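Participant: I am sharing protein_2.cif, which consists of mmCIF, C-alpha atoms:
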data_start
loop_
_atom_site.label_atom_id
_atom_site.label_comp_id
_atom_site.auth_asym_id
_atom_site.auth_seq_id
_atom_site.Cartn_x
_atom_site.Cartn_y
_atom_site.Cartn_z
CA MET A 1321 0.00 0.00 0.00
CA ALA A 1322 2.74 2.43 0.92
CA SER A 1323 4.30 2.09 -2.51
CA GLN A 1324 1.08 3.42 -4.09
CA GLU A 1325 1.01 6.52 -1.89
CA TYR A 1326 2.62 9.84 -2.66
CA GLY A 1327 3.30 13.19 -1.07
CA LEU A 1328 3.65 14.03 2.57
CA LYS A 1329 0.72 11.90 3.67
CA ARG A 1330 2.65 8.69 3.04
CA HIS A 1331 4.85 9.42 6.08
CA PHE A 1332 1.97 9.49 8.54
CA ASN A 1333 1.43 5.84 9.40
CA GLU A 1334 2.33 3.35 12.10
CA ASP A 1335 6.04 4.00 11.48
CA ALA A 1336 5.47 7.66 12.34
CA ALA A 1337 3.65 6.56 15.48
CA VAL A 1338 6.65 4.45 16.50
CA LEU A 1339 9.00 7.39 15.81
CA ILE A 1340 6.94 9.86 17.82
CA GLY A 1341 6.05 7.36 20.53
CA THR A 1342 9.68 6.36 21.09
CA LYS A 1343 10.63 10.00 21.56
CA VAL A 1344 7.76 10.49 24.01
CA LEU A 1345 8.68 7.33 25.91
CA ALA A 1346 12.19 8.71 26.50
CA VAL A 1347 10.77 11.68 28.45
CA HIS A 1348 7.49 10.15 29.69
CA PRO A 1349 8.05 6.59 30.98
CA GLY A 1350 5.15 4.24 30.47
CA PHE A 1351 3.97 5.66 27.16
CA ASP A 1352 2.38 2.79 25.21
CA VAL A 1353 4.30 2.90 21.93
CA ASP A 1354 2.99 -0.42 20.62
CA GLY A 1355 -0.63 0.44 21.37
CA TYR A 1356 -0.19 3.82 19.76
CA ALA A 1357 1.24 2.31 16.58
CA GLU A 1358 -1.48 -0.35 16.39
CA GLU A 1359 -4.24 2.24 16.75
CA VAL A 1360 -2.73 4.44 14.03
CA ALA A 1361 -2.28 1.47 11.68
CA ALA A 1362 -5.94 0.54 12.12
CA ARG A 1363 -7.34 4.05 11.62
CA ILE A 1364 -5.35 5.63 8.78
CA PRO A 1365 -6.37 3.53 5.73
CA GLY A 1366 -8.26 5.67 3.23
CA LYS A 1367 -7.49 8.95 4.99
CA GLU A 1368 -5.74 11.97 3.51
CA LEU A 1369 -2.96 14.04 5.10
CA LYS A 1370 -4.86 16.17 7.61
CA ASP A 1371 -7.03 13.31 8.81
CA ARG A 1372 -3.99 11.08 9.23
CA VAL A 1373 -2.29 13.73 11.31
CA LEU A 1374 -5.41 14.01 13.44
CA VAL A 1375 -5.36 10.25 14.08
CA LEU A 1376 -1.81 10.55 15.41
CA THR A 1377 -2.82 13.58 17.46
CA GLU A 1378 -5.81 11.84 19.03
CA GLY A 1379 -3.63 8.87 19.90
CA LEU A 1380 -1.29 11.20 21.77
CA ARG A 1381 -4.18 12.85 23.62
CA ASP A 1382 -5.40 9.45 24.87
CA ARG A 1383 -1.97 8.45 26.20
CA LEU A 1384 -0.59 11.68 27.66
CA PRO A 1385 -1.54 13.27 30.99
CA ALA A 1386 -5.15 14.47 31.12
CA ASP A 1387 -3.92 17.84 32.38
CA TYR A 1388 -3.29 19.83 29.19
CA PRO A 1389 -0.33 21.94 30.41
CA ALA A 1390 1.38 18.78 31.68
CA ALA A 1391 0.78 17.01 28.36
CA VAL A 1392 2.21 19.96 26.44
CA GLU A 1393 5.37 19.91 28.59
CA VAL A 1394 5.92 16.29 27.57
CA LEU A 1395 5.59 17.17 23.89
CA LEU A 1396 7.87 20.19 24.15
CA ALA A 1397 10.56 17.92 25.57
CA ILE A 1398 10.77 15.95 22.29
CA LEU A 1399 11.16 18.92 19.93
CA GLY A 1400 14.94 18.85 19.46
CA ALA A 1401 17.17 21.63 18.10
CA GLU A 1402 15.86 24.69 16.26
CA LEU A 1403 15.93 24.58 12.48
CA ALA A 1404 18.59 26.76 10.86
CA GLU A 1405 17.89 29.02 7.88
CA GLY A 1406 17.32 26.82 4.83
CA GLU A 1407 16.39 23.67 6.75
CA GLY A 1408 12.93 22.64 5.60
CA MET A 1409 10.36 21.70 8.21
CA PHE A 1410 8.84 19.06 5.92
CA ASN A 1411 12.24 17.44 5.42
CA GLU A 1412 13.77 17.75 8.87
CA SER A 1413 10.84 17.78 11.31
CA TRP A 1414 7.72 16.60 9.50
CA PHE A 1415 6.92 14.24 12.38
CA LEU A 1416 6.12 17.23 14.61
CA MET A 1417 2.95 17.99 12.65
CA PRO A 1418 0.80 16.00 15.14
CA VAL A 1419 2.45 17.94 17.99
CA ALA A 1420 1.38 21.27 16.50
CA ARG A 1421 -2.06 19.80 15.80
CA PHE A 1422 -2.27 18.79 19.49
CA VAL A 1423 -2.03 22.46 20.50
CA GLU A 1424 -4.40 23.46 17.72
CA GLU A 1425 -7.08 20.99 18.86
CA TYR A 1426 -6.85 20.85 22.64
CA GLY A 1427 -5.34 24.06 24.01
CA HIS A 1428 -8.11 26.64 23.67
CA ASP A 1429 -8.82 26.76 27.41
CA HIS A 1430 -5.14 27.53 28.05
CA PRO A 1431 -4.27 30.18 25.42
CA GLU A 1432 -1.18 31.52 27.20
CA VAL A 1433 0.28 28.04 27.59
CA SER A 1434 -0.61 27.18 23.99
CA LEU A 1435 0.89 30.30 22.45
CA ARG A 1436 4.12 29.80 24.38
CA ALA A 1437 4.16 26.21 23.14
CA LEU A 1438 3.61 27.31 19.55
CA GLU A 1439 6.55 29.70 19.81
CA GLU A 1440 8.73 26.71 20.66
CA ILE A 1441 7.15 24.39 18.10
CA THR A 1442 7.56 26.89 15.25
CA ARG A 1443 11.31 26.99 15.88
CA ARG A 1444 11.43 23.33 14.86
CA HIS A 1445 8.38 22.95 12.62
CA THR A 1446 5.62 25.51 12.01
CA ALA A 1447 2.77 27.18 13.89
CA GLU A 1448 1.08 28.73 10.86
CA TYR A 1449 -1.96 26.43 11.01
CA ALA A 1450 -2.18 25.83 14.75
CA VAL A 1451 -2.22 29.53 15.64
CA ARG A 1452 -5.24 30.37 13.50
CA PRO A 1453 -7.96 29.09 15.89
CA TYR A 1454 -6.38 31.27 18.56
CA ILE A 1455 -6.72 34.33 16.30
CA GLU A 1456 -10.42 33.52 16.07
CA LYS A 1457 -11.04 32.62 19.73
CA HIS A 1458 -8.50 34.76 21.59
CA TYR A 1459 -8.01 37.63 19.16
CA GLU A 1460 -6.44 40.34 21.34
CA LEU A 1461 -4.02 38.01 23.12
CA THR A 1462 -2.97 36.24 19.94
CA MET A 1463 -2.41 39.39 17.88
CA ALA A 1464 -0.38 40.89 20.72
CA THR A 1465 1.67 37.68 20.77
CA LEU A 1466 2.26 37.79 17.01
CA ALA A 1467 3.41 41.40 17.37
CA LYS A 1468 5.97 40.29 19.97
CA TRP A 1469 7.10 37.48 17.69
CA THR A 1470 8.09 39.98 15.00
CA ALA A 1471 10.94 41.14 17.28
CA SER A 1472 12.22 37.63 18.00
CA PRO A 1473 15.88 36.84 17.22
CA SER A 1474 14.58 33.59 15.67
CA HIS A 1475 13.79 33.80 11.97
CA ASN A 1476 11.36 30.90 12.46
CA VAL A 1477 9.36 32.81 15.05
CA ARG A 1478 9.34 36.02 13.00
CA ARG A 1479 8.13 34.06 10.00
CA ALA A 1480 5.32 32.52 12.06
CA ALA A 1481 4.09 36.01 12.94
CA SER A 1482 3.49 36.71 9.26
CA GLU A 1483 2.49 33.28 8.01
CA GLY A 1484 0.04 32.62 10.83
CA CYS A 1485 -2.14 35.65 10.04
CA ARG A 1486 -2.27 35.26 6.25
CA SER A 1487 -5.91 35.65 5.27
CA ARG A 1488 -5.69 33.05 2.50
CA LEU A 1489 -3.05 30.62 3.73
CA PRO A 1490 -3.07 27.51 1.48
CA TRP A 1491 -4.55 24.36 3.06
CA ALA A 1492 -6.06 26.48 5.84
CA LYS A 1493 -9.45 28.00 6.62
CA THR A 1494 -9.73 31.57 5.34
CA LEU A 1495 -9.51 34.23 8.06
CA THR A 1496 -12.53 36.21 6.92
CA ARG A 1497 -11.97 39.03 9.42
CA PHE A 1498 -8.72 39.85 7.62
CA VAL A 1499 -10.36 39.51 4.22
CA LYS A 1500 -12.78 42.22 5.31
CA ASP A 1501 -10.10 44.37 6.99
CA PRO A 1502 -6.40 43.56 6.33
CA ARG A 1503 -5.09 46.48 8.39
CA PRO A 1504 -4.31 44.40 11.52
CA VAL A 1505 -2.24 42.07 9.35
CA LEU A 1506 -0.27 44.99 7.91
CA GLU A 1507 0.56 46.08 11.46
CA ILE A 1508 2.19 42.69 11.96
CA LEU A 1509 4.06 42.93 8.65
CA GLU A 1510 5.36 46.45 9.22
CA PRO A 1511 8.44 45.48 11.31
CA LEU A 1512 9.23 42.66 8.85
CA ARG A 1513 9.23 44.69 5.63
CA SER A 1514 13.03 44.58 5.38
CA ASP A 1515 13.80 41.38 7.26
CA THR A 1516 17.26 39.86 6.91
CA SER A 1517 15.87 36.32 6.52
CA GLU A 1518 14.75 35.08 3.10
CA TYR A 1519 12.39 32.68 4.89
CA VAL A 1520 10.65 35.61 6.56
CA ARG A 1521 10.66 37.78 3.43
CA LYS A 1522 8.91 35.09 1.39
CA SER A 1523 6.14 34.93 3.97
CA VAL A 1524 5.74 38.71 4.08
CA ALA A 1525 5.55 38.84 0.27
CA ASN A 1526 2.99 36.04 0.20
CA ASN A 1527 0.96 37.81 2.85
CA LEU A 1528 1.02 41.07 0.92
CA ASN A 1529 0.01 39.14 -2.20
CA ASP A 1530 -2.99 37.75 -0.30
CA ILE A 1531 -3.98 41.29 0.66
CA THR A 1532 -3.89 42.43 -2.99
CA LYS A 1533 -6.76 40.01 -3.66
CA ASP A 1534 -8.96 41.58 -0.98
CA ASP A 1535 -7.98 45.26 -0.86
CA ARG A 1536 -5.99 46.27 -3.92
CA GLU A 1537 -5.84 49.97 -3.01
CA LEU A 1538 -4.59 49.33 0.53
CA ALA A 1539 -1.96 46.87 -0.71
CA LEU A 1540 -0.68 49.30 -3.36
CA ALA A 1541 -0.63 52.21 -0.90
CA THR A 1542 1.33 50.09 1.57
CA ALA A 1543 3.79 48.92 -1.09
CA THR A 1544 4.31 52.51 -2.27
CA ARG A 1545 5.00 53.70 1.27
CA TRP A 1546 7.34 50.81 2.01
CA LEU A 1547 9.43 51.55 -1.06
CA ALA A 1548 9.64 55.23 -0.09
CA GLU A 1549 10.46 54.66 3.58
CA SER A 1550 12.67 51.58 3.31
CA THR A 1551 15.07 51.79 0.40
CA THR A 1552 16.64 48.36 0.93
CA PRO A 1553 16.97 45.48 -1.52
CA GLU A 1554 15.00 43.35 0.94
CA THR A 1555 11.98 45.65 0.86
CA ALA A 1556 12.16 45.96 -2.93
CA TRP A 1557 12.15 42.16 -3.21
CA ILE A 1558 9.15 41.82 -0.89
CA VAL A 1559 7.15 44.43 -2.82
CA LYS A 1560 7.98 42.90 -6.19
CA HIS A 1561 6.89 39.43 -5.14
CA GLY A 1562 4.00 40.72 -3.08
CA LEU A 1563 2.46 42.42 -6.11
CA ARG A 1564 2.94 39.46 -8.46
CA THR A 1565 -0.75 38.65 -8.81
CA LEU A 1566 -1.55 42.24 -9.77
CA VAL A 1567 1.32 42.22 -12.27
CA LYS A 1568 0.06 39.00 -13.84
CA LYS A 1569 -3.34 40.61 -14.19
CA GLY A 1570 -1.77 43.56 -15.96
CA ASP A 1571 -2.50 46.07 -13.20
CA GLN A 1572 -0.92 49.24 -14.55
CA ASP A 1573 -0.49 50.88 -11.14
CA ALA A 1574 1.43 47.87 -9.84
CA LEU A 1575 3.54 47.71 -12.99
CA ARG A 1576 4.42 51.42 -12.77
CA LEU A 1577 5.32 51.06 -9.10
CA LEU A 1578 7.76 48.29 -10.00
CA GLY A 1579 9.36 50.42 -12.72
CA ALA A 1580 7.71 48.99 -15.82
CA THR A 1581 7.34 51.63 -18.55
CA GLY A 1582 6.53 52.03 -22.21
CA GLY A 1583 4.41 48.98 -22.83
CA GLU A 1584 2.49 50.91 -25.46
CA HIS A 1585 5.71 51.30 -27.48
CA ILE A 1586 6.61 47.60 -27.54
CA GLU A 1587 5.84 45.40 -30.53
CA VAL A 1588 6.01 41.61 -30.80
CA PRO A 1589 6.48 40.97 -34.51
CA SER A 1590 7.01 37.26 -34.02
CA VAL A 1591 6.24 34.48 -31.55
CA ARG A 1592 7.10 30.87 -32.37
CA ILE A 1593 6.35 27.70 -30.41
CA ALA A 1594 8.15 24.49 -31.27
CA PRO A 1595 7.39 21.72 -31.59
CA THR A 1596 3.80 22.35 -32.55
CA ALA A 1597 2.60 19.12 -30.96
CA ILE A 1598 3.85 17.32 -27.84
CA TRP A 1599 2.94 14.49 -25.49
CA LEU A 1600 2.33 15.03 -21.78
CA GLY A 1601 5.71 15.19 -20.06
CA GLU A 1602 7.44 16.86 -23.00
CA SER A 1603 8.39 20.52 -23.48
CA VAL A 1604 7.84 23.33 -25.93
CA THR A 1605 10.23 26.20 -26.60
CA ILE A 1606 8.69 29.66 -26.84
CA ARG A 1607 10.67 32.24 -28.84
CA VAL A 1608 9.53 35.85 -28.78
CA ASP A 1609 10.88 38.88 -30.68
CA LEU A 1610 10.47 42.22 -28.91
CA VAL A 1611 10.97 45.62 -30.48
CA ASN A 1612 11.06 48.93 -28.64
CA GLY A 1613 9.58 51.36 -31.14
CA ASP A 1614 10.25 54.39 -28.92
CA SER A 1615 13.17 56.80 -28.96
CA THR A 1616 13.75 56.26 -25.21
CA PRO A 1617 14.65 53.14 -23.21
CA HIS A 1618 11.96 51.17 -21.39
CA SER A 1619 11.77 48.40 -18.81
CA VAL A 1620 9.03 45.90 -19.55
CA THR A 1621 7.56 42.86 -17.84
CA VAL A 1622 6.98 39.96 -20.21
CA ASP A 1623 4.71 37.06 -19.24
CA TYR A 1624 3.17 34.20 -21.16
CA VAL A 1625 -0.32 32.84 -20.59
CA VAL A 1626 -1.09 29.18 -21.29
CA HIS A 1627 -4.79 28.51 -21.82
CA HIS A 1628 -5.11 24.98 -20.46
CA VAL A 1629 -7.82 22.98 -22.18
CA ARG A 1630 -10.41 21.59 -19.80
CA GLN A 1631 -13.04 18.90 -20.18
CA GLY A 1632 -15.71 20.01 -22.63
CA GLY A 1633 -13.40 22.34 -24.52
CA LYS A 1634 -13.32 25.24 -22.06
CA ALA A 1635 -9.87 26.77 -21.46
CA ILE A 1636 -8.45 28.08 -18.17
CA PRO A 1637 -5.60 30.63 -18.43
CA LYS A 1638 -2.49 30.35 -16.25
CA VAL A 1639 0.10 33.15 -16.24
CA PHE A 1640 3.82 32.27 -16.19
CA LYS A 1641 6.77 34.59 -15.77
CA PHE A 1642 8.88 35.10 -18.89
CA ALA A 1643 11.32 37.94 -18.08
CA THR A 1644 11.82 41.54 -17.07
CA VAL A 1645 13.65 43.22 -19.93
CA ASP A 1646 15.41 46.57 -20.28
CA LEU A 1647 15.16 47.64 -23.93
CA GLY A 1648 17.17 50.50 -25.36
CA ALA A 1649 15.72 52.99 -27.81
CA GLY A 1650 14.77 51.09 -30.98
CA GLU A 1651 16.28 47.86 -29.62
CA ARG A 1652 15.19 44.44 -30.84
CA ARG A 1653 15.55 41.46 -28.50
CA THR A 1654 14.74 37.75 -28.80
CA LEU A 1655 13.62 35.88 -25.69
CA GLU A 1656 13.43 32.13 -25.31
CA LYS A 1657 11.67 30.02 -22.68
CA VAL A 1658 11.29 26.26 -22.29
CA HIS A 1659 7.89 25.29 -20.93
CA LYS A 1660 7.47 21.72 -19.75
CA VAL A 1661 3.98 20.25 -19.66
CA ARG A 1662 4.26 17.82 -16.79
CA GLU A 1663 1.83 16.13 -14.46
CA ILE A 1664 1.24 17.91 -11.17
CA GLN A 1665 -1.21 17.13 -8.38
CA THR A 1666 -3.09 20.42 -8.73
CA ARG A 1667 -3.77 20.28 -12.49
CA ARG A 1668 -5.29 17.67 -14.78
CA TYR A 1669 -4.46 17.93 -18.47
CA TYR A 1670 -6.76 17.34 -21.44
CA PRO A 1671 -5.76 16.93 -25.09
CA GLY A 1672 -6.23 19.67 -27.64
CA ASP A 1673 -4.88 22.98 -28.90
CA HIS A 1674 -3.41 25.14 -26.13
CA LEU A 1675 -3.35 28.85 -26.88
CA VAL A 1676 -0.32 30.79 -25.58
CA ASP A 1677 -0.54 34.57 -25.25
CA ILE A 1678 2.49 36.84 -24.90
CA GLN A 1679 1.71 39.84 -22.73
CA VAL A 1680 3.94 42.88 -22.18
CA ASN A 1681 3.18 45.08 -19.19
CA GLY A 1682 -0.12 43.27 -18.89
CA THR A 1683 -1.25 43.69 -22.50
CA VAL A 1684 -1.50 40.72 -24.88
CA LEU A 1685 0.52 41.52 -28.00
CA ALA A 1686 0.88 38.18 -29.77
CA SER A 1687 -0.22 34.54 -29.61
CA ASP A 1688 0.64 31.10 -30.86
CA ARG A 1689 -0.48 27.59 -29.93
CA PHE A 1690 0.63 24.01 -29.52
CA GLU A 1691 -1.24 20.73 -29.50
CA LEU A 1692 -1.13 18.53 -26.40
CA ARG A 1693 -1.58 14.82 -27.00
CA LEU A 1694 -2.40 12.29 -24.29
#
Using structure tokens, write down the structure from this file.

Facilitator:
Amino acid sequence: MASQEYGLKRHFNEDAAVLIGTKVLAVHPGFDVDGYAEEVAARIPGKELKDRVLVLTEGLRDRLPADYPAAVEVLLAILGAELAEGEGMFNESWFLMPVARFVEEYGHDHPEVSLRALEEITRRHTAEYAVRPYIEKHYELTMATLAKWTASPSHNVRRAASEGCRSRLPWAKTLTRFVKDPRPVLEILEPLRSDTSEYVRKSVANNLNDITKDDRELALATATRWLAESTTPETAWIVKHGLRTLVKKGDQDALRLLGATGGEHIEVPSVRIAPTAIWLGESVTIRVDLVNGDSTPHSVTVDYVVHHVRQGGKAIPKVFKFATVDLGAGERRTLEKVHKVREIQTRRYYPGDHLVDIQVNGTVLASDRFELRL
């Protein structure tokens, strides 16, 4: 069965129960490792990732002290060393997911204890999911805690301050209060707008990108102010990546803020896609000729849009980054991009002609197509 499974969920089975249980046994004598593993093995078949993690979490709850703070102390004792910059939580400490879920599920009557525990857990794993119920149920305390986390010397804790309050965090329930009013989130992001850690900066940019989907004007005003007040490469990077959805949509205000100019002067006399037909798993090469017809230089953002064929013939567009290009007056430039059409878990492919648009500063200037065969 395990050989047929894929992704992170395949790790959460009886072997994970033995791994976690053995660590717990070392600090909490009498923990029933064998019973824990047997229960997990019996309950996980047919379940997906989150439900598997919950099975492991419930097994811990049944075998740890009934007193929640005492149970949490046991779990904190198995955490190990803090992850360094670049060490991935899903590679190094994936087995701590049920520990974070334990706090998420059972700690609501002890918010201070739980938030302190999440600060320790996020140093070794993540608290981005577990902290969200506390935002909903203990708003003032949790937001004050996140604000304190932004000043932590730990890049993992600072990142949790941003990631935990993202309104549209993937795999998580939407925080509708921040969809309606993102200003409290921006207060958390403010001290992190020029963070030294790439791990933190990615989270801040993703958070800002979420906000662009709910309050475009507020996001653009914030990005404009950040660039004016914080003239660091770190802030510039955050703003660029935080406005990426607006750029892909051709938002002219976002493009101007990022320095894109002169799109109306750019011509695309030729776009060529080869080969014209491929099988799933193969690649096409997209070659584009750009011409700046103006007498002054311009910086332009070039994207390509693949219209993926869906069942019934409908097409769904997906924007991909091509390049940011500085073109001199009258300059002609050829760009080339290899696009692989490969299977991914989040997209199902259908055969047929796939239209590809070339857009410059958000405006479609040329198109070509290729046939996908299955």

Participant: Considering all atoms listed in the file, state which residue in the set A:Arg1536, A:His1458, A:Arg1486, A:His1475 is at the smallest distance from Tyr1519 in chain A.

Facilitator: A:His1475

Participant: Kindly list the centre and edge lengths in Å, rounded to one decimal, for the axis-aligned box that covers all listed atoms of range 1643-1660 of chain A plus 6 Å on each of its six sides, as JSON.

Facilitator:
{"center_x": 12.3, "center_y": 37.4, "center_z": -24.0, "size_x": 21.7, "size_y": 43.3, "size_z": 25.9}

Participant: Applied to this file, what does the PyMOL selection byres ((chain A and resi 1640) around 7) return in terms of residues, put as a list in words?

Facilitator: Asp1623, Tyr1624, Val1625, Lys1638, Val1639, Lys1641 and Phe1642 of chain A

Participant: Quick one: of A:Glu1602, A:Glu1407, A:Glu1359, A:Glu1651, who's nearest to Glu1691 in chain A, counting all atoms listed in the file?

Facilitator: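 Closest to Glu1691 in chain A, using all atoms listed in the file: A:Glu1602.
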
Participant: Could you tell me, as JSON, numbers by chain, exactly which residues end up selected when the PyMOL selection byres ((chain A and resi 1497-1512) around 8) is applied to this structure?

Facilitator: {"A": [1466, 1467, 1470, 1471, 1478, 1481, 1482, 1485, 1486, 1487, 1495, 1496, 1513, 1514, 1515, 1520, 1521, 1524, 1531, 1534, 1535]}

Participant: Just C-alpha atoms for this one: save the residues we selected as a tab-separated table (two decimals), in the frame of the given file.

Facilitator:
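Output below, filename again.tsv:
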chain	number	residue	atom	x	y	z
A	1466	LEU	CA	2.26	37.79	17.01
A	1467	ALA	CA	3.41	41.40	17.37
A	1470	THR	CA	8.09	39.98	15.00
A	1471	ALA	CA	10.94	41.14	17.28
A	1478	ARG	CA	9.34	36.02	13.00
A	1481	ALA	CA	4.09	36.01	12.94
A	1482	SER	CA	3.49	36.71	9.26
A	1485	CYS	CA	-2.14	35.65	10.04
A	1486	ARG	CA	-2.27	35.26	6.25
A	1487	SER	CA	-5.91	35.65	5.27
A	1495	LEU	CA	-9.51	34.23	8.06
A	1496	THR	CA	-12.53	36.21	6.92
A	1513	ARG	CA	9.23	44.69	5.63
A	1514	SER	CA	13.03	44.58	5.38
A	1515	ASP	CA	13.80	41.38	7.26
A	1520	VAL	CA	10.65	35.61	6.56
A	1521	ARG	CA	10.66	37.78	3.43
A	1524	VAL	CA	5.74	38.71	4.08
A	1531	ILE	CA	-3.98	41.29	0.66
A	1534	ASP	CA	-8.96	41.58	-0.98
A	1535	ASP	CA	-7.98	45.26	-0.86

Participant: Skip Arg1443 in chain A itself and residues of its chain fewer than 6 positions away, then list as a VMD selection string all residues within 12 Å of it, counting all atoms listed in the file.

Facilitator: chain A and resid 1396 1399 to 1405 1407 to 1409 1412 to 1413 1416 1420 1436 to 1437 1469 1472 to 1481

Participant: Which of these, A:Lys1522, A:Arg1693, A:Arg1576, A:Lys1634, has the shortest distance to Ser1619 in chain A once you count all atoms listed in the file?

Facilitator: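 Smallest distance to Ser1619 in chain A is found for A:Arg1576.
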
Participant: Identify, on the basis of only C-alpha atoms, every residue whose closest approach to Leu1395 in chain A does not exceed 8 Å; exclude the query and any residue fewer than 3 positions from it along the same chain; express the result as an MDAnalysis selection string.

Facilitator: chainID A and resid 1344 1391:1392 1398:1399 1419

Participant: Applied to the shown file, which residues does the PyMOL selection byres ((chain A and resi 1589-1592) around 10) return, written as a PyMOL selection string?

Facilitator: chain A and resi 1586-1588+1593-1596+1604-1611+1654-1656+1676-1678+1685-1690

Participant: From the set A:Glu1456, A:Val1423, A:Arg1488, A:Asp1371, which residue has the shortest atom-to-atom contact distance to Glu1440 in chain A, counting only C-alpha atoms?

Facilitator: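 Among A:Glu1456, A:Val1423, A:Arg1488, A:Asp1371, it is A:Val1423 that comes nearest to Glu1440 in chain A.
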
Participant: Quick one: everything within 12 Å of Pro1349 in chain A, counting only C-alpha atoms, minus sequence neighbours fewer than 3 positions away in the same chain. Send it as number ranges by chain.

Facilitator: A: 1341-1346, 1352-1353, 1383-1385, 1394

Participant: Mind writing the picked residues with C-alpha atoms as a CSV table (one decimal), keeping the file's coordinate frame?

Facilitator:
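Saved result, part39.csv, follows:
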chain,number,residue,atom,x,y,z
A,1341,GLY,CA,6.0,7.4,20.5
A,1342,THR,CA,9.7,6.4,21.1
A,1343,LYS,CA,10.6,10.0,21.6
A,1344,VAL,CA,7.8,10.5,24.0
A,1345,LEU,CA,8.7,7.3,25.9
A,1346,ALA,CA,12.2,8.7,26.5
A,1352,ASP,CA,2.4,2.8,25.2
A,1353,VAL,CA,4.3,2.9,21.9
A,1383,ARG,CA,-2.0,8.4,26.2
A,1384,LEU,CA,-0.6,11.7,27.7
A,1385,PRO,CA,-1.5,13.3,31.0
A,1394,VAL,CA,5.9,16.3,27.6

Participant: Have a look at A:Thr1465, A:Ala1597, A:Trp1414, A:Ala1361 and name the one nearest to Leu1438 in chain A; count all atoms listed in the file.

Facilitator: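 Nearest to Leu1438 in chain A: A:Thr1465.
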
Participant: For Asp1571 in chain A, please output as a PyMOL selection string all residues within 10 Å (counting all atoms listed in the file; exclusion window: fewer than 4 positions along the same chain).

Facilitator: chain A and resi 1536+1563-1567+1575-1576+1681-1683

Participant: Please produce a file of those selected residues containing C-alpha atoms, as a PDB file, keeping the file's coordinate frame.

Facilitator:
ATOM      1  CA  ARG A1536      -5.990  46.270  -3.920  1.00  0.00           C
ATOM      2  CA  LEU A1563       2.460  42.420  -6.110  1.00  0.00           C
ATOM      3  CA  ARG A1564       2.940  39.460  -8.460  1.00  0.00           C
ATOM      4  CA  THR A1565      -0.750  38.650  -8.810  1.00  0.00           C
ATOM      5  CA  LEU A1566      -1.550  42.240  -9.770  1.00  0.00           C
ATOM      6  CA  VAL A1567       1.320  42.220 -12.270  1.00  0.00           C
ATOM      7  CA  LEU A1575       3.540  47.710 -12.990  1.00  0.00           C
ATOM      8  CA  ARG A1576       4.420  51.420 -12.770  1.00  0.00           C
ATOM      9  CA  ASN A1681       3.180  45.080 -19.190  1.00  0.00           C
ATOM     10  CA  GLY A1682      -0.120  43.270 -18.890  1.00  0.00           C
ATOM     11  CA  THR A1683      -1.250  43.690 -22.500  1.00  0.00           C
TER      12      THR A1683
END

Participant: Measure the distance from CA of Leu1374 in chain A to CA of His1430 in chain A in Å and round it to one decimal.

Facilitator: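 According to the coordinates, CA of Leu1374 in chain A and CA of His1430 in chain A are separated by 19.9 Å.
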
Participant: Just checking: using all atoms listed in the file, which residue out of A:Pro1617, A:Arg1363, A:Tyr1356, A:Asn1612 ends up closest to Asp1382 in chain A?

Facilitator: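 Looking only at the distances to Asp1382 in chain A, the closest residue turns out to be A:Tyr1356.
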
Participant: Find the distance between CA of Leu1647 in chain A and CA of Asp1614 in chain A and write it in Å to one decimal.

Facilitator: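 Computed distance, CA of Leu1647 in chain A to CA of Asp1614 in chain A, equals 9.7 Å.
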
Participant: Using Å and a single decimal, report how far CA of Ala1492 in chain A sits from CA of Val1661 in chain A.

Facilitator: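 Between these atoms lies a distance of 28.1 Å.
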